[in-house]
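Here the structure comes first, spelled out in structure tokens, and everything after it is commentary.
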Amino acid sequence: MARLLIVHHTPSPHTQAMFEAVLSGATDPEIEGVEVVRRAALAVTAVDVLAADGYLLGTPANLGYMSGALKHAFDTIYYPCLDSTRGRPYGLYLHGNEGTEGAEASVERITTGLGWTRAAAPVVVSGPPGKAELERCWELGATIAAGLMG
């Protein structure tokens with residue numbers, strides 16, 4: 001069975017709503033043969049990342065950068081996972097009021113270094129996520145999970 005790992009930092013109601021929509025899409029009953037595992041960014045380990053076949057990353061944009069929690073996750077897993085996870089697909093959702101471009105770019109730089117492949121366009125939301133933004137989050141989760149189906 002394929003495994004999708006959702007690594008998230010959800011410190012606000014807005015990022016929590018986005019996380020829940022991504023999770024709902026990833027666990028849609030029509031997606032079969034994919035186990036969805038979720039880990040808080042401060043709790044994820046290299047073992048979690050190595051055991052996964054694809055990734056969904058969620059973060060707020062803080063001062064133009066990804067959250068410190070997601071950066072810590074990358075710092076923890078980068079070298080142990082560098083050679084073994086190349087080519088694996090990932091998706092990104094992020095929330096911020098400003099500086100989202102810098103947060104998106106910082107995640108892109110690290111995932112490029114890891115050799116991961118962006119499998120869907122990032123979902124970037126400023127302000128409260130509305131119905132359309134939450135639908136895009138759902139689609140992101142479903143897209144990444146469906147891509148792992150055998």
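To be explicit about the labels: the chains of the structure tokens are called A, B, and onward in the order shown, and within each one the residues are counted from 1, while ligands get numbers from 1 in the order they are shown.
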Mind the document's chain letters and residue numbers, and return as a PyMOL selection string the residues of range 38-141 of chain A that DSSP labels strand (DSSP E or B). chain A and resi 38-40+54-62+65-66+89-95+117-118+123-125
Using DSSP on the backbone coordinates, identify all residues within chain A classified as helix (DSSP H, G or I); present the result as a PyMOL selection string. chain A and resi 13-26+46-51+68-81+100-114+131-146
Would you mind listing what lies within 12 Å of Gly113 in chain A as a PDB file with N, CA and C atoms, in the first residue's frame, with only C-alpha atoms counted and same-chain residues fewer than 6 positions away left out?
ATOM      1  N   PHE A  74      12.374  20.059   8.010  1.00  0.00           N
ATOM      2  CA  PHE A  74      13.333  19.894   6.918  1.00  0.00           C
ATOM      3  C   PHE A  74      14.752  19.717   7.456  1.00  0.00           C
ATOM      4  N   TYR A  78      16.505  16.290   6.264  1.00  0.00           N
ATOM      5  CA  TYR A  78      17.170  16.571   4.988  1.00  0.00           C
ATOM      6  C   TYR A  78      18.256  15.548   4.642  1.00  0.00           C
ATOM      7  N   TYR A  79      19.305  15.480   5.418  1.00  0.00           N
ATOM      8  CA  TYR A  79      20.407  14.595   5.050  1.00  0.00           C
ATOM      9  C   TYR A  79      20.069  13.117   5.181  1.00  0.00           C
ATOM     10  N   CYS A  81      17.358  11.728   4.467  1.00  0.00           N
ATOM     11  CA  CYS A  81      16.427  11.363   3.399  1.00  0.00           C
ATOM     12  C   CYS A  81      16.909  11.766   2.008  1.00  0.00           C
ATOM     13  N   LEU A  82      18.011  12.469   1.937  1.00  0.00           N
ATOM     14  CA  LEU A  82      18.458  13.078   0.691  1.00  0.00           C
ATOM     15  C   LEU A  82      18.581  12.089  -0.464  1.00  0.00           C
ATOM     16  N   ASP A  83      19.242  10.996  -0.264  1.00  0.00           N
ATOM     17  CA  ASP A  83      19.480  10.072  -1.369  1.00  0.00           C
ATOM     18  C   ASP A  83      18.339   9.096  -1.602  1.00  0.00           C
ATOM     19  N   THR A  85      14.863   9.637  -1.193  1.00  0.00           N
ATOM     20  CA  THR A  85      13.515  10.119  -1.503  1.00  0.00           C
ATOM     21  C   THR A  85      13.440  10.915  -2.806  1.00  0.00           C
ATOM     22  N   ARG A  86      14.504  10.943  -3.548  1.00  0.00           N
ATOM     23  CA  ARG A  86      14.518  11.692  -4.815  1.00  0.00           C
ATOM     24  C   ARG A  86      13.399  11.217  -5.740  1.00  0.00           C
ATOM     25  N   GLY A  87      12.771  12.175  -6.401  1.00  0.00           N
ATOM     26  CA  GLY A  87      11.734  11.870  -7.368  1.00  0.00           C
ATOM     27  C   GLY A  87      10.349  11.683  -6.783  1.00  0.00           C
ATOM     28  N   SER A 106      10.925  29.392  -0.374  1.00  0.00           N
ATOM     29  CA  SER A 106      11.814  28.683   0.547  1.00  0.00           C
ATOM     30  C   SER A 106      11.510  27.188   0.551  1.00  0.00           C
ATOM     31  N   VAL A 107      10.238  26.822   0.510  1.00  0.00           N
ATOM     32  CA  VAL A 107       9.882  25.404   0.439  1.00  0.00           C
ATOM     33  C   VAL A 107      10.349  24.825  -0.890  1.00  0.00           C
TER      34      VAL A 107
END
With distances taken over only C-alpha atoms, which of A:Leu4, A:Ala132, A:Leu63, A:Val125 is nearest to Gly33 in chain A?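 That would be A:Leu4, the residue with the smallest distance to Gly33 in chain A.
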In terms of only C-alpha atoms, the residue from A:Leu70, A:Leu57, A:Ala105, A:Leu148 at minimal distance from Ile31 in chain A is A:Leu148
Could you check how far CA of Val7 in chain A sits from CA of Tyr55 in chain A, in Å to one decimal?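 CA of Tyr55 in chain A lies 7.3 Å from CA of Val7 in chain A.
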Using only C-alpha atoms, pick whichever of A:Ala51, A:Ala43, A:Met66, A:Val124 has the shortest atom-to-atom distance to Arg88 in chain A. A:Ala51
Skipping near chain neighbours, those fewer than 3 positions away, what residues fall within 10 Å of Gly147 in chain A using only C-alpha atoms, listed as a compact mmCIF listing (two decimals) with all heavy atoms, in the first residue's frame?
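The new file around-v2.txt reads:
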# COMPACT_ATOMS: atom_id res chain seq x y z
N ALA A 2 0.55 2.20 -0.83
CA ALA A 2 1.30 3.45 -0.89
C ALA A 2 1.00 4.28 0.37
O ALA A 2 -0.07 4.15 0.97
CB ALA A 2 0.91 4.25 -2.13
N LEU A 4 1.00 8.25 1.95
CA LEU A 4 1.08 9.70 1.80
C LEU A 4 1.29 10.29 3.18
O LEU A 4 0.51 10.04 4.10
CB LEU A 4 -0.21 10.24 1.18
CG LEU A 4 -0.35 11.77 1.12
CD1 LEU A 4 0.76 12.39 0.27
CD2 LEU A 4 -1.72 12.14 0.58
N ILE A 31 -10.37 7.05 -3.40
CA ILE A 31 -8.92 6.82 -3.50
C ILE A 31 -8.61 5.56 -2.71
O ILE A 31 -8.78 5.53 -1.50
CB ILE A 31 -8.13 8.04 -2.96
CG1 ILE A 31 -8.46 9.27 -3.80
CG2 ILE A 31 -6.64 7.74 -2.95
CD1 ILE A 31 -7.93 10.56 -3.25
N VAL A 34 -4.11 3.79 -0.66
CA VAL A 34 -3.20 4.83 -0.17
C VAL A 34 -3.49 5.05 1.32
O VAL A 34 -4.61 5.41 1.69
CB VAL A 34 -3.37 6.16 -0.94
CG1 VAL A 34 -2.44 7.23 -0.37
CG2 VAL A 34 -3.10 5.95 -2.42
N GLY A 54 4.92 9.82 -0.94
CA GLY A 54 4.61 11.17 -1.38
C GLY A 54 4.30 12.02 -0.17
O GLY A 54 4.08 11.49 0.94
N PRO A 89 6.77 12.61 -5.21
CA PRO A 89 5.89 13.76 -5.42
C PRO A 89 5.54 14.47 -4.12
O PRO A 89 5.50 13.86 -3.05
CB PRO A 89 4.64 13.13 -6.03
CG PRO A 89 4.61 11.76 -5.45
CD PRO A 89 6.06 11.33 -5.32
N ALA A 119 3.95 17.89 -7.63
CA ALA A 119 2.95 17.14 -8.38
C ALA A 119 1.66 17.93 -8.61
O ALA A 119 0.78 17.46 -9.33
CB ALA A 119 2.63 15.84 -7.65
N ALA A 142 -6.58 15.38 -2.75
CA ALA A 142 -7.04 14.28 -3.61
C ALA A 142 -6.06 14.02 -4.75
O ALA A 142 -5.80 12.87 -5.09
CB ALA A 142 -8.43 14.61 -4.15
N THR A 143 -5.51 15.08 -5.33
CA THR A 143 -4.59 14.93 -6.46
C THR A 143 -3.32 14.19 -6.04
O THR A 143 -2.88 13.26 -6.74
CB THR A 143 -4.23 16.31 -7.05
OG1 THR A 143 -5.42 16.91 -7.55
CG2 THR A 143 -3.19 16.21 -8.14
N ILE A 144 -2.73 14.60 -4.94
CA ILE A 144 -1.48 13.96 -4.51
C ILE A 144 -1.74 12.51 -4.11
O ILE A 144 -1.00 11.61 -4.50
CB ILE A 144 -0.82 14.75 -3.34
CG1 ILE A 144 -0.54 16.20 -3.76
CG2 ILE A 144 0.47 14.05 -2.88
CD1 ILE A 144 0.38 16.37 -4.95
N GLY A 150 -1.94 2.64 -7.00
CA GLY A 150 -1.26 1.66 -7.83
C GLY A 150 -2.02 1.34 -9.01
O GLY A 150 -2.11 1.24 -10.06
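Closest approach to Ala46 in chain A from the set A:Gly102, A:Pro80, A:Gly64, A:Pro122 is made by A:Pro80, with distances taken over only C-alpha atoms.
Considering the residues A:Asp48, A:Tyr90, A:Ala73, A:Glu101 and counting only C-alpha atoms, Ala61 in chain A has its shortest atom-to-atom contact with A:Glu101.
When the distance limit is 12 Å and only C-alpha atoms are what count, the residues near Gln16 in chain A, minus those fewer than 4 positions from it on the same chain, are A:His8, A:His9, A:Thr10, A:Pro11, A:Ser12, A:Glu20, A:Ala21, A:Val22, A:Leu23, A:Ala40, A:Gly58, A:Thr59, A:Pro60, A:Tyr93, A:Leu94, A:His95, A:Pro128, A:Pro129, A:Leu134, A:Cys137.
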Selected residues written out, all heavy atoms, as a CSV table (one decimal), in the first residue's frame:
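Contents of the output file result_25.csv:
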chain,number,residue,atom,x,y,z
A,8,HIS,N,2.5,19.0,8.7
A,8,HIS,CA,1.8,20.3,8.8
A,8,HIS,C,2.1,21.0,10.0
A,8,HIS,O,2.5,20.4,11.0
A,8,HIS,CB,0.3,20.0,8.8
A,8,HIS,CG,-0.2,19.2,9.9
A,8,HIS,ND1,-0.7,19.7,11.1
A,8,HIS,CD2,-0.2,17.8,10.1
A,8,HIS,CE1,-1.0,18.8,11.9
A,8,HIS,NE2,-0.7,17.6,11.4
A,9,HIS,N,2.0,22.3,9.9
A,9,HIS,CA,2.0,23.2,11.1
A,9,HIS,C,0.8,24.0,11.1
A,9,HIS,O,0.5,24.8,10.1
A,9,HIS,CB,3.3,24.1,11.1
A,9,HIS,CG,3.4,25.0,12.3
A,9,HIS,ND1,3.6,24.5,13.5
A,9,HIS,CD2,3.5,26.3,12.4
A,9,HIS,CE1,3.7,25.4,14.4
A,9,HIS,NE2,3.6,26.6,13.8
A,10,THR,N,-0.1,23.8,12.1
A,10,THR,CA,-1.4,24.4,12.0
A,10,THR,C,-1.7,25.2,13.3
A,10,THR,O,-2.5,24.9,14.1
A,10,THR,CB,-2.5,23.3,11.9
A,10,THR,OG1,-2.3,22.4,13.0
A,10,THR,CG2,-2.4,22.6,10.6
A,11,PRO,N,-1.1,26.4,13.4
A,11,PRO,CA,-1.2,27.2,14.6
A,11,PRO,C,-2.4,28.1,14.6
A,11,PRO,O,-2.6,28.8,15.6
A,11,PRO,CB,0.1,28.0,14.6
A,11,PRO,CG,0.4,28.2,13.1
A,11,PRO,CD,0.0,26.9,12.5
A,12,SER,N,-3.2,28.2,13.5
A,12,SER,CA,-4.3,29.1,13.5
A,12,SER,C,-5.5,28.4,13.0
A,12,SER,O,-5.5,27.4,12.3
A,12,SER,CB,-4.0,30.3,12.6
A,12,SER,OG,-4.0,29.9,11.2
A,20,GLU,N,-7.6,20.5,7.3
A,20,GLU,CA,-8.8,19.6,7.3
A,20,GLU,C,-9.3,19.3,5.9
A,20,GLU,O,-9.7,18.2,5.5
A,20,GLU,CB,-9.9,20.1,8.2
A,20,GLU,CG,-9.5,20.0,9.7
A,20,GLU,CD,-10.5,20.7,10.6
A,20,GLU,OE1,-11.5,21.2,10.1
A,20,GLU,OE2,-10.2,20.7,11.8
A,21,ALA,N,-9.3,20.3,5.0
A,21,ALA,CA,-9.7,20.2,3.6
A,21,ALA,C,-8.8,19.3,2.9
A,21,ALA,O,-9.2,18.4,2.1
A,21,ALA,CB,-9.9,21.6,3.0
A,22,VAL,N,-7.5,19.5,3.0
A,22,VAL,CA,-6.4,18.7,2.4
A,22,VAL,C,-6.6,17.2,2.8
A,22,VAL,O,-6.6,16.3,2.0
A,22,VAL,CB,-5.0,19.2,2.7
A,22,VAL,CG1,-4.0,18.2,2.4
A,22,VAL,CG2,-4.7,20.5,2.0
A,23,LEU,N,-6.8,17.0,4.1
A,23,LEU,CA,-6.9,15.7,4.6
A,23,LEU,C,-8.2,15.0,4.1
A,23,LEU,O,-8.2,13.8,3.7
A,23,LEU,CB,-7.0,15.7,6.2
A,23,LEU,CG,-7.2,14.4,6.9
A,23,LEU,CD1,-6.0,13.4,6.6
A,23,LEU,CD2,-7.3,14.6,8.4
A,40,ALA,N,2.6,16.3,12.8
A,40,ALA,CA,2.9,17.7,13.1
A,40,ALA,C,4.4,18.0,12.7
A,40,ALA,O,5.2,17.1,12.9
A,40,ALA,CB,2.7,18.0,14.5
A,58,GLY,N,2.2,21.6,4.8
A,58,GLY,CA,1.3,22.7,5.1
A,58,GLY,C,2.0,23.6,6.1
A,58,GLY,O,2.5,23.2,7.1
A,59,THR,N,1.9,24.9,5.8
A,59,THR,CA,2.6,25.9,6.7
A,59,THR,C,2.0,27.3,6.6
A,59,THR,O,1.5,27.6,5.5
A,59,THR,CB,4.1,26.0,6.3
A,59,THR,OG1,4.8,26.9,7.2
A,59,THR,CG2,4.3,26.5,4.9
A,60,PRO,N,2.1,28.0,7.7
A,60,PRO,CA,1.8,29.5,7.5
A,60,PRO,C,3.0,30.2,7.0
A,60,PRO,O,4.1,29.6,7.0
A,60,PRO,CB,1.5,29.9,8.9
A,60,PRO,CG,2.2,28.9,9.8
A,60,PRO,CD,2.3,27.6,9.0
A,93,TYR,N,0.5,23.5,0.7
A,93,TYR,CA,-0.5,24.5,0.9
A,93,TYR,C,0.1,25.5,2.0
A,93,TYR,O,0.8,25.0,2.9
A,93,TYR,CB,-1.9,23.9,1.3
A,93,TYR,CG,-1.8,23.2,2.6
A,93,TYR,CD1,-2.2,23.8,3.8
A,93,TYR,CD2,-1.5,21.8,2.7
A,93,TYR,CE1,-2.2,23.1,5.0
A,93,TYR,CE2,-1.5,21.2,3.9
A,93,TYR,CZ,-1.8,21.8,5.1
A,93,TYR,OH,-1.8,21.1,6.2
A,94,LEU,N,-0.2,26.8,1.8
A,94,LEU,CA,0.3,27.7,2.8
A,94,LEU,C,-0.7,28.9,3.0
A,94,LEU,O,-1.4,29.2,2.1
A,94,LEU,CB,1.7,28.2,2.5
A,94,LEU,CG,2.0,29.0,1.3
A,94,LEU,CD1,2.0,30.5,1.7
A,94,LEU,CD2,3.4,28.6,0.8
A,95,HIS,N,-0.7,29.4,4.2
A,95,HIS,CA,-1.5,30.6,4.5
A,95,HIS,C,-0.7,31.7,5.0
A,95,HIS,O,0.2,31.5,5.8
A,95,HIS,CB,-2.5,30.2,5.6
A,95,HIS,CG,-3.4,31.3,6.0
A,95,HIS,ND1,-3.1,32.2,7.0
A,95,HIS,CD2,-4.6,31.8,5.5
A,95,HIS,CE1,-4.0,33.1,7.1
A,95,HIS,NE2,-4.9,32.9,6.2
A,128,PRO,N,-8.9,34.9,5.4
A,128,PRO,CA,-9.7,33.7,5.8
A,128,PRO,C,-9.9,32.8,4.5
A,128,PRO,O,-10.3,33.4,3.5
A,128,PRO,CB,-11.0,34.2,6.3
A,128,PRO,CG,-10.7,35.6,6.7
A,128,PRO,CD,-9.6,36.1,5.8
A,129,PRO,N,-9.7,31.5,4.6
A,129,PRO,CA,-10.0,30.7,3.4
A,129,PRO,C,-11.5,30.6,3.2
A,129,PRO,O,-12.2,30.2,4.1
A,129,PRO,CB,-9.3,29.3,3.8
A,129,PRO,CG,-9.2,29.3,5.2
A,129,PRO,CD,-9.1,30.7,5.7
A,134,LEU,N,-10.9,26.4,0.1
A,134,LEU,CA,-11.0,25.1,0.7
A,134,LEU,C,-11.2,24.0,-0.3
A,134,LEU,O,-10.7,22.9,-0.2
A,134,LEU,CB,-12.0,25.1,1.8
A,134,LEU,CG,-11.7,26.0,3.0
A,134,LEU,CD1,-12.9,26.1,4.0
A,134,LEU,CD2,-10.4,25.6,3.7
A,137,CYS,N,-7.9,23.3,-1.7
A,137,CYS,CA,-7.1,22.4,-0.7
A,137,CYS,C,-7.6,21.0,-0.8
A,137,CYS,O,-6.7,20.0,-0.8
A,137,CYS,CB,-7.3,22.9,0.7
A,137,CYS,SG,-6.5,24.5,1.1
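Of the listed residues (A:Pro29, A:Tyr65, A:Leu56, A:Glu135), A:Leu56 comes nearest to Trp116 in chain A; the distances count only C-alpha atoms.
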To one decimal in Å, tell me the separation between CA of Ser84 in chain A and CA of Leu42 in chain A. 21.4 Å
Taking 5 positions as the minimum chain separation for residues in the same chain, which residues sit within 9 Å of Thr45 in chain A when counting only C-alpha atoms? Answer as a list of chain:residue names. A:Arg39, A:Leu50, A:Ala73, A:Thr76, A:Ile77
